Amino acid sequence: MANPVLLRIAFWVGVLGFVASLFVHLATFTDYAPPGAAVVLHVGIFVAFVPVVFAMKAWVEERGYDFSDFRSQWAFQKELFGLLPGWQKLALPVLMAYTAINFSVGVAAVTGDPDAGSSFRLLSGHWLSFYFVSAVLARRFLSLSQPVVPPHE
């Protein structure tokens with residue numbers, strides 16, 4: 001399994017990055033222009049997401065999934081997302097759909113009459129998804145890597 005220290009860092013960067021990107025995203029709907037320093041959230045995505053990708057790779061190899069077969073890919077997704085709590089199973093597709101809709105609307109706004117917030121709206125919508133996925137999966141892989149201790153009798 002992946003390094004638990006890196007997964008803890010990925011989890012906390014994911015949580016903090018999600019909250020920060022949510023504030024930036026909400027600010028784009030007001031007259032308040034997000035500070036240029038908010039672009040740092042772009043870098044944070046890699047800090048949060050890369051350890052999760054390596055943990056996922058180790059998890060896939062441990063289970064012997066063959067990604068050249070579509071059924072194996074589907075089984076992998078079912079097993080991975082089957083481990084998530086109910087609210088996360090609901091929040092994940094809703095957030096992904098919101099990201100896609102936000103991107104479509106944002107591209108139309110940028111090509112039309114762009115304002116200061118429209119480019120940040122495009123970026124922050126994706127930040128929300130990446131940080132959320134990083135936090136959720138890092139937490140899940142951390143819990144999978146913990147040894148199961150039998151209850152004392």
# chains A, B, ... in the order shown; residues from 1 in each chain; ligands from 1

$ residues_around --residues "Leu128 (chain A)" --least-positions-apart "4" --cutoff "7 Å" --atoms "only C-alpha atoms" --output "PyMOL selection string"
chain A and resi 18+21-22+124+132

$ write_last_selection --atoms "N, CA, C and O atoms" --output "mmCIF file, in the first residue's frame"
data_model
loop_
_atom_site.group_PDB
_atom_site.id
_atom_site.type_symbol
_atom_site.label_atom_id
_atom_site.label_comp_id
_atom_site.auth_asym_id
_atom_site.auth_seq_id
_atom_site.Cartn_x
_atom_site.Cartn_y
_atom_site.Cartn_z
ATOM 1 N N PHE A 18 -10.182 21.987 -0.747
ATOM 2 C CA PHE A 18 -11.607 22.024 -1.083
ATOM 3 C C PHE A 18 -12.275 23.243 -0.457
ATOM 4 O O PHE A 18 -13.022 23.967 -1.120
ATOM 5 N N SER A 21 -10.958 26.410 -2.222
ATOM 6 C CA SER A 21 -11.495 26.553 -3.572
ATOM 7 C C SER A 21 -12.994 26.831 -3.547
ATOM 8 O O SER A 21 -13.522 27.516 -4.421
ATOM 9 N N LEU A 22 -13.695 26.348 -2.512
ATOM 10 C CA LEU A 22 -15.115 26.674 -2.372
ATOM 11 C C LEU A 22 -15.296 28.160 -2.105
ATOM 12 O O LEU A 22 -16.171 28.801 -2.697
ATOM 13 N N SER A 124 -11.801 27.163 -10.386
ATOM 14 C CA SER A 124 -12.225 26.723 -9.058
ATOM 15 C C SER A 124 -13.243 25.596 -9.114
ATOM 16 O O SER A 124 -13.305 24.769 -8.201
ATOM 17 N N PHE A 132 -11.852 17.322 -3.622
ATOM 18 C CA PHE A 132 -12.818 16.426 -2.987
ATOM 19 C C PHE A 132 -12.435 14.968 -3.222
ATOM 20 O O PHE A 132 -12.400 14.165 -2.290
#

$ residues_around --residues "Ile45 (chain A)" --least-positions-apart "5" --cutoff "9 Å" --atoms "only C-alpha atoms" --output "JSON, numbers by chain"
{"A": [13, 14, 17, 50, 127, 130, 131, 134]}

$ select_by_dssp --residues "region 8-133 of chain A" --states "helix (DSSP H, G or I)" --output "ChimeraX atom specification"
/A:8-27,36-63,70-82,86-111,116-133

$ atom_distance --atom1 "CA of Ala109 (chain A)" --atom2 "CA of Thr28 (chain A)"
12.3 Å

$ closest_residue --among "A:Ala20, A:Val60, A:Val52, A:Thr111" --to "Val40 (chain A)" --atoms "only C-alpha atoms"
A:Ala20

$ closest_residue --among "A:Met96, A:Ile101, A:Leu90, A:Val15" --to "Leu137 (chain A)" --atoms "only C-alpha atoms"
A:Val15

$ closest_residue --among "A:Leu16, A:Ala10, A:Leu95, A:Ala27" --to "Ala55 (chain A)" --atoms "only C-alpha atoms"
A:Ala10

$ atom_distance --atom1 "CA of Leu41 (chain A)" --atom2 "CA of Thr99 (chain A)"
16.1 Å

$ atom_distance --atom1 "CA of Arg8 (chain A)" --atom2 "CA of Leu142 (chain A)"
7.5 Å

$ closest_residue --among "A:Leu123, A:Ala91, A:Val107, A:Ala97" --to "Val43 (chain A)" --atoms "only C-alpha atoms"
A:Leu123
